[in-house]
$ cat target_26.cif   # mmCIF, C-alpha atoms
data_my_file
loop_
_atom_site.label_atom_id
_atom_site.label_comp_id
_atom_site.auth_asym_id
_atom_site.auth_seq_id
_atom_site.Cartn_x
_atom_site.Cartn_y
_atom_site.Cartn_z
CA MET A 1 12.22 12.85 16.72
CA ASN A 2 10.53 15.69 14.85
CA ILE A 3 13.11 15.49 12.06
CA VAL A 4 12.49 11.77 11.63
CA LEU A 5 8.74 12.39 11.59
CA TRP A 6 9.11 15.03 8.87
CA ILE A 7 11.37 12.78 6.80
CA CYS A 8 8.91 9.88 7.07
CA GLY A 9 5.96 12.13 6.20
CA ILE A 10 7.65 13.62 3.16
CA THR A 11 8.87 10.23 1.95
CA LEU A 12 5.45 8.62 2.34
CA SER A 13 3.76 11.57 0.62
CA ILE A 14 6.08 11.40 -2.37
CA ALA A 15 5.69 7.62 -2.58
CA GLY A 16 1.90 7.94 -2.40
CA ALA A 17 1.85 10.53 -5.16
CA LEU A 18 4.05 8.40 -7.41
CA ALA A 19 1.92 5.32 -6.74
CA MET A 20 -1.24 7.24 -7.65
CA VAL A 21 0.41 8.38 -10.89
CA ARG A 22 1.23 4.76 -11.72
CA LEU A 23 -2.31 3.74 -10.78
CA ALA A 24 -3.78 6.28 -13.18
CA LYS A 25 -1.21 5.84 -15.95
CA GLY A 26 -0.46 2.11 -15.83
CA PRO A 27 -1.20 0.48 -19.16
CA SER A 28 -1.91 -3.00 -17.80
CA ILE A 29 -4.11 -4.32 -15.03
CA LEU A 30 -1.12 -5.90 -13.27
CA GLU A 31 0.65 -2.56 -12.93
CA ARG A 32 -2.49 -1.02 -11.49
CA VAL A 33 -2.86 -3.86 -8.99
CA ILE A 34 0.76 -3.42 -7.89
CA ALA A 35 0.19 0.33 -7.52
CA THR A 36 -2.89 -0.33 -5.38
CA ASP A 37 -0.90 -2.76 -3.24
CA VAL A 38 1.84 -0.16 -2.82
CA LEU A 39 -0.76 2.42 -1.76
CA LEU A 40 -2.09 0.03 0.87
CA LEU A 41 1.43 -0.49 2.17
CA ILE A 42 2.01 3.26 2.30
CA VAL A 43 -1.16 3.70 4.34
CA SER A 44 -0.01 0.90 6.64
CA ALA A 45 3.39 2.55 7.04
CA ALA A 46 1.75 5.89 7.84
CA LEU A 47 -0.40 4.21 10.50
CA CYS A 48 2.71 2.55 11.95
CA VAL A 49 4.50 5.91 12.10
CA ASP A 50 1.47 7.39 13.86
CA MET A 51 1.45 4.56 16.39
CA THR A 52 5.15 5.01 17.02
CA VAL A 53 4.97 8.77 17.51
CA ASN A 54 1.88 8.73 19.73
CA LYS A 55 2.91 5.53 21.59
CA HIS A 56 -0.32 3.57 21.13
CA THR A 57 -1.48 0.45 19.31
CA ASP A 58 -5.03 1.50 18.45
CA ASN A 59 -4.49 1.24 14.68
CA LEU A 60 -2.84 -2.18 14.68
CA ILE A 61 -5.95 -3.99 13.45
CA PHE A 62 -6.21 -1.58 10.49
CA VAL A 63 -2.58 -2.25 9.58
CA LEU A 64 -3.16 -6.00 9.67
CA LEU A 65 -6.35 -5.74 7.62
CA ALA A 66 -4.72 -3.51 5.00
CA CYS A 67 -1.83 -5.95 4.60
CA LEU A 68 -4.20 -8.91 4.38
CA VAL A 69 -6.44 -7.21 1.80
CA GLY A 70 -3.41 -6.20 -0.26
CA PHE A 71 -1.99 -9.71 -0.26
CA VAL A 72 -5.27 -11.48 -1.05
CA GLY A 73 -6.14 -8.94 -3.74
CA SER A 74 -2.77 -9.26 -5.46
CA VAL A 75 -2.85 -13.05 -5.42
CA THR A 76 -6.43 -13.13 -6.70
CA VAL A 77 -5.77 -10.80 -9.61
CA SER A 78 -2.54 -12.55 -10.57
CA ARG A 79 -4.32 -15.92 -10.62
CA PHE A 80 -7.13 -14.42 -12.70
CA VAL A 81 -4.71 -12.97 -15.23
CA THR A 82 -2.71 -16.22 -15.37
CA ASP A 83 -5.85 -18.32 -15.94
CA ARG A 84 -7.04 -15.87 -18.58
CA ARG A 85 -3.76 -16.04 -20.51
CA ASN A 86 -3.76 -19.86 -20.51
CA ALA A 87 -7.29 -20.09 -21.94
#
$ encode --input "target_26.cif" --output "structure tokens"
Amino acid sequence: MNIVLWICGITLSIAGALAMVRLAKGPSILERVIATDVLLLIVSAALCVDMTVNKHTDNLIFVLLACLVGFVGSVTVSRFVTDRRNA
């Protein structure tokens, strides 16, 4: 189990670093929104790994809220950009 935990931690750390690079470097607002959404999903995955390792469900509400905020934020920005391009 320790090997799986290390693999998950390293993978999530690398993914978080790459998402932050895209967030800082992204030339368009849509790429930055996608990078923010990916960061929220990485945080949710890290919380899920923590819940699995420690055998508790204390962070489940945070995972649900992060997924909900990511979805609503992405849809809102995409609708804003679509409406702006049509005008």
$ resolve_selection --input "target_26.cif" --expression "the PyMOL selection byres ((chain A and resi 8-24) around 10)" --output "PyMOL selection string"
chain A and resi 2-7+25-29+31-43+45-46+49
$ resolve_selection --input "target_26.cif" --expression "the PyMOL selection byres ((chain A and resi 62) around 12)" --output "NGL selection string"
:A and (40-41 or 43-48 or 51 or 57-61 or 63-69)
$ atom_distance --input "target_26.cif" --atom1 "atom CA of Phe71 of chain A" --atom2 "atom CA of Lys55 of chain A"
27.1 Å
$ atom_distance --input "target_26.cif" --atom1 "atom CA of Gly70 of chain A" --atom2 "atom CA of Asn54 of chain A"
25.5 Å
$ axis_aligned_box --input "target_26.cif" --around "segment 9-23 of chain A" --padding-each-side "6 Å" --output "lines of an AutoDock Vina configuration file"
center_x = 3.3
center_y = 8.7
center_z = -2.8
size_x = 23.2
size_y = 21.9
size_z = 29.9
$ build_atoms --input "target_26.cif" --residues "segment 3-28 of chain A" --atoms "N, CA and C atoms" --output "PDB file, in the coordinates of the input"
ATOM      1  N   ILE A   3      12.452  15.577  13.370  1.00  0.00           N
ATOM      2  CA  ILE A   3      13.110  15.490  12.060  1.00  0.00           C
ATOM      3  C   ILE A   3      12.783  14.163  11.394  1.00  0.00           C
ATOM      4  N   VAL A   4      12.826  13.093  12.170  1.00  0.00           N
ATOM      5  CA  VAL A   4      12.490  11.770  11.630  1.00  0.00           C
ATOM      6  C   VAL A   4      11.040  11.730  11.183  1.00  0.00           C
ATOM      7  N   LEU A   5      10.152  12.347  11.960  1.00  0.00           N
ATOM      8  CA  LEU A   5       8.740  12.390  11.590  1.00  0.00           C
ATOM      9  C   LEU A   5       8.537  13.149  10.286  1.00  0.00           C
ATOM     10  N   TRP A   6       9.214  14.263  10.112  1.00  0.00           N
ATOM     11  CA  TRP A   6       9.110  15.030   8.870  1.00  0.00           C
ATOM     12  C   TRP A   6       9.662  14.233   7.681  1.00  0.00           C
ATOM     13  N   ILE A   7      10.782  13.576   7.882  1.00  0.00           N
ATOM     14  CA  ILE A   7      11.370  12.780   6.800  1.00  0.00           C
ATOM     15  C   ILE A   7      10.420  11.645   6.395  1.00  0.00           C
ATOM     16  N   CYS A   8       9.855  10.965   7.375  1.00  0.00           N
ATOM     17  CA  CYS A   8       8.910   9.880   7.070  1.00  0.00           C
ATOM     18  C   CYS A   8       7.666  10.421   6.371  1.00  0.00           C
ATOM     19  N   GLY A   9       7.150  11.543   6.821  1.00  0.00           N
ATOM     20  CA  GLY A   9       5.960  12.130   6.200  1.00  0.00           C
ATOM     21  C   GLY A   9       6.204  12.542   4.761  1.00  0.00           C
ATOM     22  N   ILE A  10       7.336  13.192   4.521  1.00  0.00           N
ATOM     23  CA  ILE A  10       7.650  13.620   3.160  1.00  0.00           C
ATOM     24  C   ILE A  10       7.876  12.416   2.250  1.00  0.00           C
ATOM     25  N   THR A  11       8.605  11.422   2.748  1.00  0.00           N
ATOM     26  CA  THR A  11       8.870  10.230   1.950  1.00  0.00           C
ATOM     27  C   THR A  11       7.587   9.478   1.609  1.00  0.00           C
ATOM     28  N   LEU A  12       6.713   9.312   2.595  1.00  0.00           N
ATOM     29  CA  LEU A  12       5.450   8.620   2.340  1.00  0.00           C
ATOM     30  C   LEU A  12       4.543   9.419   1.408  1.00  0.00           C
ATOM     31  N   SER A  13       4.572  10.739   1.520  1.00  0.00           N
ATOM     32  CA  SER A  13       3.760  11.570   0.620  1.00  0.00           C
ATOM     33  C   SER A  13       4.232  11.467  -0.823  1.00  0.00           C
ATOM     34  N   ILE A  14       5.538  11.527  -1.020  1.00  0.00           N
ATOM     35  CA  ILE A  14       6.080  11.400  -2.370  1.00  0.00           C
ATOM     36  C   ILE A  14       5.786  10.010  -2.942  1.00  0.00           C
ATOM     37  N   ALA A  15       5.971   8.988  -2.118  1.00  0.00           N
ATOM     38  CA  ALA A  15       5.690   7.620  -2.580  1.00  0.00           C
ATOM     39  C   ALA A  15       4.218   7.445  -2.916  1.00  0.00           C
ATOM     40  N   GLY A  16       3.326   8.022  -2.111  1.00  0.00           N
ATOM     41  CA  GLY A  16       1.900   7.940  -2.400  1.00  0.00           C
ATOM     42  C   GLY A  16       1.527   8.637  -3.689  1.00  0.00           C
ATOM     43  N   ALA A  17       2.128   9.806  -3.922  1.00  0.00           N
ATOM     44  CA  ALA A  17       1.850  10.530  -5.160  1.00  0.00           C
ATOM     45  C   ALA A  17       2.341   9.754  -6.377  1.00  0.00           C
ATOM     46  N   LEU A  18       3.527   9.175  -6.282  1.00  0.00           N
ATOM     47  CA  LEU A  18       4.050   8.400  -7.410  1.00  0.00           C
ATOM     48  C   LEU A  18       3.238   7.129  -7.651  1.00  0.00           C
ATOM     49  N   ALA A  19       2.763   6.506  -6.577  1.00  0.00           N
ATOM     50  CA  ALA A  19       1.920   5.320  -6.740  1.00  0.00           C
ATOM     51  C   ALA A  19       0.584   5.675  -7.372  1.00  0.00           C
ATOM     52  N   MET A  20       0.022   6.830  -7.032  1.00  0.00           N
ATOM     53  CA  MET A  20      -1.240   7.240  -7.650  1.00  0.00           C
ATOM     54  C   MET A  20      -1.050   7.583  -9.132  1.00  0.00           C
ATOM     55  N   VAL A  21       0.111   8.131  -9.480  1.00  0.00           N
ATOM     56  CA  VAL A  21       0.410   8.380 -10.890  1.00  0.00           C
ATOM     57  C   VAL A  21       0.470   7.064 -11.647  1.00  0.00           C
ATOM     58  N   ARG A  22       1.145   6.063 -11.066  1.00  0.00           N
ATOM     59  CA  ARG A  22       1.230   4.760 -11.720  1.00  0.00           C
ATOM     60  C   ARG A  22      -0.135   4.099 -11.795  1.00  0.00           C
ATOM     61  N   LEU A  23      -0.961   4.310 -10.781  1.00  0.00           N
ATOM     62  CA  LEU A  23      -2.310   3.740 -10.780  1.00  0.00           C
ATOM     63  C   LEU A  23      -3.149   4.340 -11.903  1.00  0.00           C
ATOM     64  N   ALA A  24      -3.009   5.627 -12.130  1.00  0.00           N
ATOM     65  CA  ALA A  24      -3.780   6.280 -13.180  1.00  0.00           C
ATOM     66  C   ALA A  24      -3.209   6.024 -14.571  1.00  0.00           C
ATOM     67  N   LYS A  25      -1.878   5.909 -14.662  1.00  0.00           N
ATOM     68  CA  LYS A  25      -1.210   5.840 -15.950  1.00  0.00           C
ATOM     69  C   LYS A  25      -0.958   4.413 -16.438  1.00  0.00           C
ATOM     70  N   GLY A  26      -0.864   3.469 -15.506  1.00  0.00           N
ATOM     71  CA  GLY A  26      -0.460   2.110 -15.830  1.00  0.00           C
ATOM     72  C   GLY A  26      -1.218   1.500 -16.984  1.00  0.00           C
ATOM     73  N   PRO A  27      -0.507   1.011 -17.991  1.00  0.00           N
ATOM     74  CA  PRO A  27      -1.200   0.480 -19.160  1.00  0.00           C
ATOM     75  C   PRO A  27      -1.848  -0.891 -18.930  1.00  0.00           C
ATOM     76  N   SER A  28      -1.340  -1.669 -17.995  1.00  0.00           N
ATOM     77  CA  SER A  28      -1.910  -3.000 -17.800  1.00  0.00           C
ATOM     78  C   SER A  28      -2.565  -3.106 -16.428  1.00  0.00           C
TER      79      SER A  28
END
